[in-house]
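With CSV, N, CA and C atoms inside, this is upload-v1.csv:
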chain,number,residue,atom,x,y,z
M,337,MET,N,-11.8,-24.9,-19.5
M,337,MET,CA,-10.6,-24.2,-19.5
M,337,MET,C,-9.8,-24.6,-18.2
M,338,PRO,N,-8.6,-25.0,-18.2
M,338,PRO,CA,-7.8,-25.3,-17.0
M,338,PRO,C,-7.8,-24.1,-16.1
M,339,SER,N,-7.7,-24.4,-14.8
M,339,SER,CA,-7.7,-23.3,-13.8
M,339,SER,C,-6.6,-22.3,-14.0
M,340,ALA,N,-5.4,-22.7,-14.3
M,340,ALA,CA,-4.3,-21.8,-14.5
M,340,ALA,C,-4.6,-20.8,-15.7
M,341,GLN,N,-5.2,-21.3,-16.8
M,341,GLN,CA,-5.5,-20.5,-17.9
M,341,GLN,C,-6.7,-19.5,-17.5
M,342,LYS,N,-7.6,-20.0,-16.7
M,342,LYS,CA,-8.7,-19.2,-16.3
M,342,LYS,C,-8.2,-18.1,-15.4
M,343,ALA,N,-7.3,-18.4,-14.5
M,343,ALA,CA,-6.8,-17.3,-13.6
M,343,ALA,C,-6.0,-16.3,-14.4
M,344,GLU,N,-5.2,-16.7,-15.4
M,344,GLU,CA,-4.5,-15.8,-16.3
M,344,GLU,C,-5.4,-14.9,-17.0
M,345,LYS,N,-6.5,-15.5,-17.6
M,345,LYS,CA,-7.5,-14.7,-18.3
M,345,LYS,C,-8.2,-13.7,-17.4
M,346,SER,N,-8.5,-14.1,-16.2
M,346,SER,CA,-9.1,-13.2,-15.2
M,346,SER,C,-8.2,-12.1,-14.8
M,347,THR,N,-6.9,-12.4,-14.7
M,347,THR,CA,-6.0,-11.3,-14.3
M,347,THR,C,-5.9,-10.3,-15.5
M,348,GLU,N,-5.9,-10.8,-16.7
M,348,GLU,CA,-5.8,-9.9,-17.9
M,348,GLU,C,-7.0,-9.0,-17.9
M,349,VAL,N,-8.2,-9.6,-17.6
M,349,VAL,CA,-9.5,-8.8,-17.6
M,349,VAL,C,-9.4,-7.7,-16.5
M,350,PHE,N,-8.9,-8.1,-15.4
M,350,PHE,CA,-8.7,-7.2,-14.3
M,350,PHE,C,-7.8,-6.0,-14.6
M,351,LYS,N,-6.7,-6.3,-15.3
M,351,LYS,CA,-5.7,-5.3,-15.6
M,351,LYS,C,-6.4,-4.2,-16.5
M,352,ARG,N,-7.3,-4.7,-17.4
M,352,ARG,CA,-8.0,-3.7,-18.3
M,352,ARG,C,-9.0,-2.9,-17.5
M,353,MET,N,-9.4,-3.3,-16.4
M,353,MET,CA,-10.3,-2.5,-15.5
M,353,MET,C,-9.7,-1.4,-14.8
M,354,LEU,N,-8.3,-1.4,-14.6
M,354,LEU,CA,-7.6,-0.4,-13.9
M,354,LEU,C,-7.7,0.9,-14.6
M,355,VAL,N,-7.8,2.0,-13.8
M,355,VAL,CA,-7.9,3.3,-14.3
M,355,VAL,C,-6.6,4.1,-14.0
M,356,LYS,N,-5.9,4.5,-15.0
M,356,LYS,CA,-4.6,5.2,-14.9
M,356,LYS,C,-4.9,6.5,-14.1
M,357,GLY,N,-4.0,6.8,-13.1
M,357,GLY,CA,-4.1,8.0,-12.3
M,357,GLY,C,-4.9,7.7,-11.1
M,358,MET,N,-5.8,6.7,-11.1
M,358,MET,CA,-6.6,6.4,-9.9
M,358,MET,C,-6.1,5.1,-9.2
M,359,ASP,N,-6.0,4.0,-10.1
M,359,ASP,CA,-5.6,2.7,-9.6
M,359,ASP,C,-4.1,2.4,-9.8
M,360,TYR,N,-3.5,3.1,-10.7
M,360,TYR,CA,-2.1,3.0,-10.9
M,360,TYR,C,-1.6,4.2,-11.6
M,361,GLY,N,-0.3,4.4,-11.6
M,361,GLY,CA,0.2,5.6,-12.3
M,361,GLY,C,1.7,5.8,-12.0
M,362,GLU,N,2.2,7.0,-12.2
M,362,GLU,CA,3.6,7.3,-12.0
M,362,GLU,C,3.8,8.1,-10.7
M,363,LEU,N,4.9,8.0,-10.1
M,363,LEU,CA,5.3,8.7,-8.9
M,363,LEU,C,6.6,9.4,-9.2
M,364,PRO,N,6.8,10.6,-8.6
M,364,PRO,CA,8.1,11.3,-8.7
M,364,PRO,C,9.2,10.4,-8.2
M,365,ASN,N,10.3,10.4,-9.0
M,365,ASN,CA,11.6,9.7,-8.6
M,365,ASN,C,11.4,8.1,-8.6
M,366,VAL,N,10.4,7.6,-9.3
M,366,VAL,CA,10.2,6.2,-9.4
M,366,VAL,C,10.0,5.8,-10.9
M,367,LYS,N,10.8,4.9,-11.3
M,367,LYS,CA,10.8,4.5,-12.7
M,367,LYS,C,9.5,3.6,-13.0
M,368,GLY,N,8.9,3.8,-14.1
M,368,GLY,CA,7.7,3.0,-14.5
M,368,GLY,C,6.5,3.3,-13.7
M,369,THR,N,5.5,2.5,-13.9
M,369,THR,CA,4.2,2.7,-13.2
M,369,THR,C,4.1,1.9,-12.0
M,370,VAL,N,3.3,2.4,-11.0
M,370,VAL,CA,3.1,1.7,-9.7
M,370,VAL,C,1.6,1.5,-9.5
M,371,LEU,N,1.3,0.4,-8.8
M,371,LEU,CA,0.0,0.1,-8.4
M,371,LEU,C,-0.3,1.0,-7.1
M,372,PHE,N,-1.5,1.6,-7.1
M,372,PHE,CA,-1.9,2.4,-6.0
M,372,PHE,C,-2.9,1.6,-5.1
M,373,LYS,N,-3.1,2.0,-3.9
M,373,LYS,CA,-4.0,1.3,-3.0
M,373,LYS,C,-5.4,1.0,-3.5
M,374,PRO,N,-6.0,2.1,-4.2
M,374,PRO,CA,-7.3,1.8,-4.7
M,374,PRO,C,-7.3,0.7,-5.8
M,375,GLY,N,-6.3,0.5,-6.6
M,375,GLY,CA,-6.2,-0.5,-7.5
M,375,GLY,C,-6.0,-1.9,-6.8
M,376,ALA,N,-5.2,-1.9,-5.8
M,376,ALA,CA,-5.0,-3.2,-5.0
M,376,ALA,C,-6.4,-3.6,-4.4
M,377,LEU,N,-7.1,-2.7,-3.8
M,377,LEU,CA,-8.4,-3.0,-3.2
M,377,LEU,C,-9.4,-3.4,-4.3
M,378,LYS,N,-9.3,-2.8,-5.5
M,378,LYS,CA,-10.2,-3.3,-6.6
M,378,LYS,C,-9.9,-4.7,-6.9
M,379,PHE,N,-8.6,-5.1,-6.9
M,379,PHE,CA,-8.2,-6.4,-7.2
M,379,PHE,C,-8.8,-7.4,-6.2
M,380,LEU,N,-8.7,-7.1,-4.9
M,380,LEU,CA,-9.3,-7.9,-3.9
M,380,LEU,C,-10.8,-8.1,-4.1
M,381,ARG,N,-11.5,-7.0,-4.4
M,381,ARG,CA,-13.0,-7.1,-4.6
M,381,ARG,C,-13.3,-8.0,-5.8
M,382,TYR,N,-12.6,-7.7,-6.9
M,382,TYR,CA,-12.8,-8.4,-8.2
M,382,TYR,C,-12.7,-10.0,-8.0
M,383,PHE,N,-11.7,-10.4,-7.3
M,383,PHE,CA,-11.5,-11.8,-7.1
M,383,PHE,C,-12.1,-12.4,-5.8
M,384,GLU,N,-12.9,-11.5,-5.1
M,384,GLU,CA,-13.5,-11.9,-3.8
M,384,GLU,C,-12.5,-12.4,-2.8
M,385,TYR,N,-11.4,-11.7,-2.7
M,385,TYR,CA,-10.4,-12.0,-1.7
M,385,TYR,C,-10.6,-11.1,-0.5
M,386,ARG,N,-10.1,-11.4,0.6
M,386,ARG,CA,-10.0,-10.5,1.8
M,386,ARG,C,-8.6,-10.5,2.3
M,387,LYS,N,-8.3,-9.5,3.1
M,387,LYS,CA,-7.0,-9.4,3.7
M,387,LYS,C,-7.0,-9.3,5.2
M,388,THR,N,-6.0,-9.7,5.8
M,388,THR,CA,-5.8,-9.5,7.2
M,388,THR,C,-4.4,-8.8,7.3
M,389,GLU,N,-4.3,-8.0,8.4
M,389,GLU,CA,-3.1,-7.3,8.7
M,389,GLU,C,-2.6,-7.6,10.1
M,390,GLU,N,-1.3,-7.8,10.2
M,390,GLU,CA,-0.7,-8.2,11.5
M,390,GLU,C,0.5,-7.3,11.7
M,391,LEU,N,0.6,-6.7,12.9
M,391,LEU,CA,1.8,-5.9,13.2
M,391,LEU,C,2.9,-6.9,13.6
M,392,VAL,N,4.0,-6.9,12.9
M,392,VAL,CA,5.0,-7.9,13.1
M,392,VAL,C,6.1,-7.2,14.0
M,393,ASP,N,6.4,-6.0,13.8
M,393,ASP,CA,7.4,-5.3,14.6
M,393,ASP,C,7.1,-3.8,14.7
M,394,LYS,N,7.4,-3.3,15.9
M,394,LYS,CA,7.4,-1.8,16.1
M,394,LYS,C,8.7,-1.5,16.9
M,395,THR,N,9.5,-0.6,16.3
M,395,THR,CA,10.7,-0.2,17.0
M,395,THR,C,10.7,1.3,17.3
M,396,ILE,N,11.0,1.6,18.4
M,396,ILE,CA,11.2,3.0,18.8
M,396,ILE,C,12.6,3.2,19.5
M,397,ASN,N,13.4,4.1,18.9
M,397,ASN,CA,14.7,4.3,19.4
M,397,ASN,C,14.9,5.8,19.6
M,398,PHE,N,15.3,6.2,20.8
M,398,PHE,CA,15.6,7.5,21.2
M,398,PHE,C,17.1,7.7,21.2
M,399,SER,N,17.6,8.7,20.4
M,399,SER,CA,19.0,8.9,20.4
M,399,SER,C,19.2,10.4,20.4
M,400,GLY,N,19.5,11.0,21.6
M,400,GLY,CA,19.6,12.4,21.7
M,400,GLY,C,18.3,13.1,21.4
M,401,ASP,N,18.3,14.0,20.4
M,401,ASP,CA,17.1,14.8,20.0
M,401,ASP,C,16.3,14.0,18.9
M,402,THR,N,16.9,12.9,18.5
M,402,THR,CA,16.3,12.2,17.3
M,402,THR,C,15.5,11.0,17.8
M,403,VAL,N,14.3,10.8,17.2
M,403,VAL,CA,13.5,9.6,17.5
M,403,VAL,C,13.4,8.9,16.2
M,404,PHE,N,13.6,7.6,16.3
M,404,PHE,CA,13.4,6.7,15.2
M,404,PHE,C,12.3,5.7,15.5
M,405,ILE,N,11.2,5.7,14.6
M,405,ILE,CA,10.1,4.9,14.8
M,405,ILE,C,10.0,4.1,13.5
M,406,SER,N,9.8,2.8,13.7
M,406,SER,CA,9.6,1.9,12.5
M,406,SER,C,8.5,0.8,12.8
M,407,TYR,N,7.8,0.6,11.7
M,407,TYR,CA,6.8,-0.5,11.8
M,407,TYR,C,7.0,-1.5,10.6
M,408,THR,N,6.7,-2.7,10.9
M,408,THR,CA,6.6,-3.8,9.9
M,408,THR,C,5.3,-4.5,10.1
M,409,VAL,N,4.6,-4.6,8.9
M,409,VAL,CA,3.2,-5.1,8.9
M,409,VAL,C,3.2,-6.3,7.9
M,410,LYS,N,2.5,-7.4,8.3
M,410,LYS,CA,2.3,-8.5,7.4
M,410,LYS,C,0.9,-8.5,6.9
M,411,VAL,N,0.7,-8.5,5.6
M,411,VAL,CA,-0.7,-8.6,5.1
M,411,VAL,C,-0.8,-10.0,4.5
M,412,THR,N,-1.9,-10.7,4.8
M,412,THR,CA,-2.2,-12.0,4.2
M,412,THR,C,-3.5,-11.9,3.4
M,413,ILE,N,-3.4,-12.4,2.2
M,413,ILE,CA,-4.6,-12.4,1.3
M,413,ILE,C,-5.2,-13.8,1.3
M,414,ILE,N,-6.5,-13.9,1.5
M,414,ILE,CA,-7.3,-15.1,1.7
M,414,ILE,C,-8.4,-15.2,0.7
M,415,ASN,N,-8.5,-16.3,0.1
M,415,ASN,CA,-9.6,-16.5,-0.9
M,415,ASN,C,-10.9,-16.8,-0.3
M,416,SER,N,-12.0,-16.9,-1.1
M,416,SER,CA,-13.3,-17.1,-0.5
M,416,SER,C,-13.5,-18.5,0.2
M,417,ALA,N,-12.6,-19.4,-0.1
M,417,ALA,CA,-12.6,-20.7,0.6
M,417,ALA,C,-11.9,-20.7,1.9
M,418,GLY,N,-11.3,-19.5,2.2
M,418,GLY,CA,-10.6,-19.4,3.5
M,418,GLY,C,-9.1,-19.8,3.4
M,419,GLU,N,-8.6,-20.0,2.2
M,419,GLU,CA,-7.2,-20.4,2.0
M,419,GLU,C,-6.3,-19.2,1.9
M,420,ILE,N,-5.2,-19.3,2.5
M,420,ILE,CA,-4.2,-18.2,2.3
M,420,ILE,C,-3.5,-18.4,1.0
M,421,ILE,N,-3.6,-17.3,0.2
M,421,ILE,CA,-3.0,-17.4,-1.2
M,421,ILE,C,-1.7,-16.7,-1.3
M,422,THR,N,-1.4,-15.7,-0.5
M,422,THR,CA,-0.1,-15.0,-0.4
M,422,THR,C,0.0,-14.2,0.8
M,423,GLU,N,1.2,-13.9,1.1
M,423,GLU,CA,1.5,-13.0,2.3
M,423,GLU,C,2.7,-12.1,1.9
M,424,ALA,N,2.8,-10.9,2.5
M,424,ALA,CA,3.9,-10.0,2.2
M,424,ALA,C,4.1,-9.1,3.4
M,425,LEU,N,5.3,-8.6,3.5
M,425,LEU,CA,5.7,-7.7,4.6
M,425,LEU,C,5.8,-6.3,4.0
M,426,GLY,N,5.5,-5.3,4.8
M,426,GLY,CA,5.7,-3.9,4.4
M,426,GLY,C,6.3,-3.2,5.6
M,427,SER,N,7.1,-2.2,5.4
M,427,SER,CA,7.7,-1.5,6.5
M,427,SER,C,7.7,0.0,6.2
M,428,CYS,N,7.8,0.8,7.2
M,428,CYS,CA,7.9,2.3,7.1
M,428,CYS,C,8.6,2.8,8.3
M,429,ASN,N,9.4,3.8,8.2
M,429,ASN,CA,10.0,4.4,9.4
M,429,ASN,C,10.1,5.9,9.3
M,430,SER,N,10.3,6.5,10.4
M,430,SER,CA,10.2,8.0,10.5
M,430,SER,C,11.4,8.7,9.9
M,431,HIS,N,12.5,8.0,9.5
M,431,HIS,CA,13.6,8.6,8.9
M,431,HIS,C,13.6,8.6,7.4
M,432,GLU,N,12.5,8.1,6.8
M,432,GLU,CA,12.3,8.2,5.3
M,432,GLU,C,12.2,9.6,5.0
M,433,SER,N,12.8,10.0,3.9
M,433,SER,CA,12.9,11.5,3.5
M,433,SER,C,11.5,12.1,3.5
M,434,LYS,N,10.5,11.4,3.0
M,434,LYS,CA,9.2,12.1,2.9
M,434,LYS,C,8.5,12.4,4.2
M,435,TYR,N,9.0,11.6,5.3
M,435,TYR,CA,8.4,11.9,6.6
M,435,TYR,C,9.3,12.8,7.4
M,436,VAL,N,10.6,12.8,7.2
M,436,VAL,CA,11.5,13.7,7.8
M,436,VAL,C,11.1,15.2,7.4
M,437,LYS,N,11.0,15.3,6.1
M,437,LYS,CA,10.7,16.7,5.5
M,437,LYS,C,9.4,17.2,6.1
M,438,LYS,N,8.4,16.4,6.2
M,438,LYS,CA,7.1,16.9,6.7
M,438,LYS,C,7.0,16.9,8.2
M,439,GLY,N,8.0,16.3,8.9
M,439,GLY,CA,8.0,16.3,10.3
M,439,GLY,C,7.0,15.2,10.8
M,440,ALA,N,6.6,14.3,9.9
M,440,ALA,CA,5.6,13.3,10.3
M,440,ALA,C,6.3,12.2,11.1
M,441,SER,N,5.9,12.0,12.3
M,441,SER,CA,6.4,10.9,13.1
M,441,SER,C,5.2,10.2,13.8
M,442,ALA,N,4.0,10.6,13.4
M,442,ALA,CA,2.8,10.0,14.1
M,442,ALA,C,2.7,8.6,13.8
M,443,ASP,N,2.5,7.8,14.8
M,443,ASP,CA,2.4,6.3,14.6
M,443,ASP,C,1.4,5.9,13.5
M,444,SER,N,0.3,6.6,13.5
M,444,SER,CA,-0.8,6.2,12.5
M,444,SER,C,-0.3,6.3,11.1
M,445,VAL,N,0.4,7.4,10.8
M,445,VAL,CA,0.9,7.6,9.4
M,445,VAL,C,1.9,6.5,9.0
M,446,LEU,N,2.8,6.2,9.9
M,446,LEU,CA,3.8,5.2,9.6
M,446,LEU,C,3.2,3.8,9.5
M,447,VAL,N,2.4,3.4,10.4
M,447,VAL,CA,1.8,2.0,10.4
M,447,VAL,C,0.9,1.9,9.2
M,448,THR,N,0.2,2.9,8.8
M,448,THR,CA,-0.7,2.9,7.7
M,448,THR,C,0.1,2.7,6.4
M,449,MET,N,1.2,3.4,6.3
M,449,MET,CA,2.0,3.2,5.1
M,449,MET,C,2.7,1.8,5.0
M,450,ALA,N,3.1,1.3,6.2
M,450,ALA,CA,3.6,-0.1,6.2
M,450,ALA,C,2.6,-1.1,5.7
M,451,ALA,N,1.4,-0.9,6.2
M,451,ALA,CA,0.3,-1.8,5.8
M,451,ALA,C,0.0,-1.7,4.3
M,452,LYS,N,0.0,-0.5,3.8
M,452,LYS,CA,-0.3,-0.2,2.4
M,452,LYS,C,0.8,-0.9,1.5
M,453,ARG,N,2.1,-0.7,1.9
M,453,ARG,CA,3.1,-1.3,1.2
M,453,ARG,C,3.0,-2.8,1.1
M,454,ALA,N,2.7,-3.5,2.2
M,454,ALA,CA,2.5,-4.9,2.3
M,454,ALA,C,1.3,-5.3,1.3
M,455,LEU,N,0.2,-4.6,1.4
M,455,LEU,CA,-0.9,-4.9,0.5
M,455,LEU,C,-0.5,-4.8,-1.0
M,456,ILE,N,0.1,-3.7,-1.4
M,456,ILE,CA,0.6,-3.6,-2.8
M,456,ILE,C,1.5,-4.7,-3.2
M,457,SER,N,2.4,-5.1,-2.3
M,457,SER,CA,3.3,-6.2,-2.6
M,457,SER,C,2.6,-7.5,-2.8
M,458,CYS,N,1.6,-7.8,-2.0
M,458,CYS,CA,0.8,-9.0,-2.1
M,458,CYS,C,0.1,-9.0,-3.5
M,459,VAL,N,-0.6,-7.9,-3.8
M,459,VAL,CA,-1.3,-7.9,-5.1
M,459,VAL,C,-0.4,-8.0,-6.3
M,460,LYS,N,0.8,-7.3,-6.2
M,460,LYS,CA,1.7,-7.4,-7.3
M,460,LYS,C,2.2,-8.8,-7.5
M,461,LEU,N,2.4,-9.6,-6.4
M,461,LEU,CA,2.8,-11.0,-6.5
M,461,LEU,C,1.7,-11.8,-7.2
M,462,LEU,N,0.4,-11.5,-6.9
M,462,LEU,CA,-0.7,-12.3,-7.5
M,462,LEU,C,-0.8,-11.9,-9.0
M,463,ILE,N,-0.7,-10.6,-9.3
M,463,ILE,CA,-0.8,-10.2,-10.7
M,463,ILE,C,0.3,-10.8,-11.6
M,464,SER,N,1.5,-10.9,-11.0
M,464,SER,CA,2.6,-11.4,-11.8
M,464,SER,C,2.6,-12.9,-12.0
M,465,GLN,N,1.8,-13.6,-11.3
M,465,GLN,CA,1.8,-15.1,-11.4
M,465,GLN,C,1.2,-15.6,-12.7

This entry written out as structure tokens:
Amino acid sequence: MPSAQKAEKSTEVFKRMLVKGMDYGELPNVKGTVLFKPGALKFLRYFEYRKTEELVDKTINFSGDTVFISYTVKVTIINSAGEIITEALGSCNSHESKYVKKGASADSVLVTMAAKRALISCVKLLISQ
């Protein structure tokens, strides 16, 4: 079987392994289903990929009583041979409604979400190929 067909078949097998509500599901105010972090990590394990994370940008802006914090993270997916197979950026900032409402401006929350978004983006790129 040619490698492209084999990869397509493997991706289809992987999609059947996903558990709705745990690996993917629906989110309020988002159309369609979305891939969750556990599903993305399951994808990496299934294909024996690993990821690296790199902080690309951190912005802190003080304006009066308001503080704006933003992170951009790059995730790189690497196969078992050490080859880079895809990369994506993810970002998050303290002015997003879900963080403003909760008063969350902790660096760890924002950078973690930026990294998660980059990871999900990478895996979605690989699944759609």

Inset, instruction - Do a neighbour search on region 383-391 of chain M at 6 Å with all atoms listed in the file, toss out local chain neighbours closer than 6 positions, and write the hits as a count of residues only. - result: 9

Legend entry - Closest of M:Val447, M:Ser464, M:Leu455, M:Leu425 to Pro374 (chain M) - atom-to-atom distances counting only C-alpha atoms: M:Leu455

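Of the residues under consideration (M:Val403, M:Ile456, M:Ile463, M:Ala451), M:Ala451 shows the shortest atom-to-atom contact distance to Ser427 (chain M) when counting only C-alpha atoms.
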
Inset, instruction - Have a look at atom C of Thr422 (chain M) and atom N of Ala450 (chain M) and let me know their distance in Å, one decimal. - result: 16.7 Å

Just list the residues in region 353-441 of chain M DSSP gives helix (DSSP H, G or I) on the backbone, as a PDB file with N, CA and C atoms, in the coordinates of the input.
ATOM      1  N   MET M 353      -9.400  -3.300 -16.400  1.00  0.00           N
ATOM      2  CA  MET M 353     -10.300  -2.500 -15.500  1.00  0.00           C
ATOM      3  C   MET M 353      -9.700  -1.400 -14.800  1.00  0.00           C
ATOM      4  N   LYS M 373      -3.100   2.000  -3.900  1.00  0.00           N
ATOM      5  CA  LYS M 373      -4.000   1.300  -3.000  1.00  0.00           C
ATOM      6  C   LYS M 373      -5.400   1.000  -3.500  1.00  0.00           C
ATOM      7  N   PRO M 374      -6.000   2.100  -4.200  1.00  0.00           N
ATOM      8  CA  PRO M 374      -7.300   1.800  -4.700  1.00  0.00           C
ATOM      9  C   PRO M 374      -7.300   0.700  -5.800  1.00  0.00           C
ATOM     10  N   GLY M 375      -6.300   0.500  -6.600  1.00  0.00           N
ATOM     11  CA  GLY M 375      -6.200  -0.500  -7.500  1.00  0.00           C
ATOM     12  C   GLY M 375      -6.000  -1.900  -6.800  1.00  0.00           C
ATOM     13  N   ALA M 376      -5.200  -1.900  -5.800  1.00  0.00           N
ATOM     14  CA  ALA M 376      -5.000  -3.200  -5.000  1.00  0.00           C
ATOM     15  C   ALA M 376      -6.400  -3.600  -4.400  1.00  0.00           C
ATOM     16  N   LEU M 377      -7.100  -2.700  -3.800  1.00  0.00           N
ATOM     17  CA  LEU M 377      -8.400  -3.000  -3.200  1.00  0.00           C
ATOM     18  C   LEU M 377      -9.400  -3.400  -4.300  1.00  0.00           C
ATOM     19  N   LYS M 378      -9.300  -2.800  -5.500  1.00  0.00           N
ATOM     20  CA  LYS M 378     -10.200  -3.300  -6.600  1.00  0.00           C
ATOM     21  C   LYS M 378      -9.900  -4.700  -6.900  1.00  0.00           C
ATOM     22  N   PHE M 379      -8.600  -5.100  -6.900  1.00  0.00           N
ATOM     23  CA  PHE M 379      -8.200  -6.400  -7.200  1.00  0.00           C
ATOM     24  C   PHE M 379      -8.800  -7.400  -6.200  1.00  0.00           C
ATOM     25  N   LEU M 380      -8.700  -7.100  -4.900  1.00  0.00           N
ATOM     26  CA  LEU M 380      -9.300  -7.900  -3.900  1.00  0.00           C
ATOM     27  C   LEU M 380     -10.800  -8.100  -4.100  1.00  0.00           C
ATOM     28  N   ARG M 381     -11.500  -7.000  -4.400  1.00  0.00           N
ATOM     29  CA  ARG M 381     -13.000  -7.100  -4.600  1.00  0.00           C
ATOM     30  C   ARG M 381     -13.300  -8.000  -5.800  1.00  0.00           C
ATOM     31  N   TYR M 382     -12.600  -7.700  -6.900  1.00  0.00           N
ATOM     32  CA  TYR M 382     -12.800  -8.400  -8.200  1.00  0.00           C
ATOM     33  C   TYR M 382     -12.700 -10.000  -8.000  1.00  0.00           C
ATOM     34  N   SER M 433      12.800  10.000   3.900  1.00  0.00           N
ATOM     35  CA  SER M 433      12.900  11.500   3.500  1.00  0.00           C
ATOM     36  C   SER M 433      11.500  12.100   3.500  1.00  0.00           C
ATOM     37  N   LYS M 434      10.500  11.400   3.000  1.00  0.00           N
ATOM     38  CA  LYS M 434       9.200  12.100   2.900  1.00  0.00           C
ATOM     39  C   LYS M 434       8.500  12.400   4.200  1.00  0.00           C
ATOM     40  N   TYR M 435       9.000  11.600   5.300  1.00  0.00           N
ATOM     41  CA  TYR M 435       8.400  11.900   6.600  1.00  0.00           C
ATOM     42  C   TYR M 435       9.300  12.800   7.400  1.00  0.00           C
ATOM     43  N   VAL M 436      10.600  12.800   7.200  1.00  0.00           N
ATOM     44  CA  VAL M 436      11.500  13.700   7.800  1.00  0.00           C
ATOM     45  C   VAL M 436      11.100  15.200   7.400  1.00  0.00           C
ATOM     46  N   LYS M 437      11.000  15.300   6.100  1.00  0.00           N
ATOM     47  CA  LYS M 437      10.700  16.700   5.500  1.00  0.00           C
ATOM     48  C   LYS M 437       9.400  17.200   6.100  1.00  0.00           C
ATOM     49  N   LYS M 438       8.400  16.400   6.200  1.00  0.00           N
ATOM     50  CA  LYS M 438       7.100  16.900   6.700  1.00  0.00           C
ATOM     51  C   LYS M 438       7.000  16.900   8.200  1.00  0.00           C
TER      52      LYS M 438
END

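Our summary of the geometry notes that atom N of Glu362 (chain M) is positioned 16.1 Å from atom N of Arg453 (chain M).
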
Legend entry - Between atom N of Ala454 (chain M) and CA of Lys378 (chain M), distance in Å (one decimal): 15.6 Å

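Minimum atom-to-atom distance to Leu377 (chain M), evaluated using all atoms listed in the file, belongs to M:Val459 out of M:Tyr407, M:Val459, M:Ile420, M:Thr448.
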
List as a JSON list (two decimals) with N, CA and C atoms, in the frame of the given file the protein and nucleic acid residues near Gly375 (chain M), meaning an atom at most 6 Å away when all atoms listed in the file are counted, but skip any in the same chain fewer than 6 places from it.
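Contents of out-v4.json, freshly written:
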[["chain", "number", "residue", "atom", "x", "y", "z"],
["M", 358, "MET", "N", -5.80, 6.70, -11.10],
["M", 358, "MET", "CA", -6.60, 6.40, -9.90],
["M", 358, "MET", "C", -6.10, 5.10, -9.20],
["M", 359, "ASP", "N", -6.00, 4.00, -10.10],
["M", 359, "ASP", "CA", -5.60, 2.70, -9.60],
["M", 359, "ASP", "C", -4.10, 2.40, -9.80],
["M", 360, "TYR", "N", -3.50, 3.10, -10.70],
["M", 360, "TYR", "CA", -2.10, 3.00, -10.90],
["M", 360, "TYR", "C", -1.60, 4.20, -11.60]]

Please reconstruct the missing atoms of region 378-388 of chain M (target: N, CA, C and O atoms) and return them as an mmCIF file, keeping the file's coordinate frame.
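Output (result-v3.cif):
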data_model
loop_
_atom_site.group_PDB
_atom_site.id
_atom_site.type_symbol
_atom_site.label_atom_id
_atom_site.label_comp_id
_atom_site.auth_asym_id
_atom_site.auth_seq_id
_atom_site.Cartn_x
_atom_site.Cartn_y
_atom_site.Cartn_z
ATOM 1 N N LYS M 378 -9.300 -2.800 -5.500
ATOM 2 C CA LYS M 378 -10.200 -3.300 -6.600
ATOM 3 C C LYS M 378 -9.900 -4.700 -6.900
ATOM 4 O O LYS M 378 -10.808 -5.482 -7.222
ATOM 5 N N PHE M 379 -8.600 -5.100 -6.900
ATOM 6 C CA PHE M 379 -8.200 -6.400 -7.200
ATOM 7 C C PHE M 379 -8.800 -7.400 -6.200
ATOM 8 O O PHE M 379 -9.371 -8.440 -6.603
ATOM 9 N N LEU M 380 -8.700 -7.100 -4.900
ATOM 10 C CA LEU M 380 -9.300 -7.900 -3.900
ATOM 11 C C LEU M 380 -10.800 -8.100 -4.100
ATOM 12 O O LEU M 380 -11.333 -9.231 -3.995
ATOM 13 N N ARG M 381 -11.500 -7.000 -4.400
ATOM 14 C CA ARG M 381 -13.000 -7.100 -4.600
ATOM 15 C C ARG M 381 -13.300 -8.000 -5.800
ATOM 16 O O ARG M 381 -14.215 -8.770 -5.811
ATOM 17 N N TYR M 382 -12.600 -7.700 -6.900
ATOM 18 C CA TYR M 382 -12.800 -8.400 -8.200
ATOM 19 C C TYR M 382 -12.700 -10.000 -8.000
ATOM 20 O O TYR M 382 -13.536 -10.711 -8.516
ATOM 21 N N PHE M 383 -11.700 -10.400 -7.300
ATOM 22 C CA PHE M 383 -11.500 -11.800 -7.100
ATOM 23 C C PHE M 383 -12.100 -12.400 -5.800
ATOM 24 O O PHE M 383 -11.902 -13.528 -5.437
ATOM 25 N N GLU M 384 -12.900 -11.500 -5.100
ATOM 26 C CA GLU M 384 -13.500 -11.900 -3.800
ATOM 27 C C GLU M 384 -12.500 -12.400 -2.800
ATOM 28 O O GLU M 384 -12.771 -13.387 -2.088
ATOM 29 N N TYR M 385 -11.400 -11.700 -2.700
ATOM 30 C CA TYR M 385 -10.400 -12.000 -1.700
ATOM 31 C C TYR M 385 -10.600 -11.100 -0.500
ATOM 32 O O TYR M 385 -11.206 -9.996 -0.645
ATOM 33 N N ARG M 386 -10.100 -11.400 0.600
ATOM 34 C CA ARG M 386 -10.000 -10.500 1.800
ATOM 35 C C ARG M 386 -8.600 -10.500 2.300
ATOM 36 O O ARG M 386 -7.791 -11.344 1.970
ATOM 37 N N LYS M 387 -8.300 -9.500 3.100
ATOM 38 C CA LYS M 387 -7.000 -9.400 3.700
ATOM 39 C C LYS M 387 -7.000 -9.300 5.200
ATOM 40 O O LYS M 387 -8.036 -8.855 5.768
ATOM 41 N N THR M 388 -6.000 -9.700 5.800
ATOM 42 C CA THR M 388 -5.800 -9.500 7.200
ATOM 43 C C THR M 388 -4.400 -8.800 7.300
ATOM 44 O O THR M 388 -3.536 -8.900 6.497
#
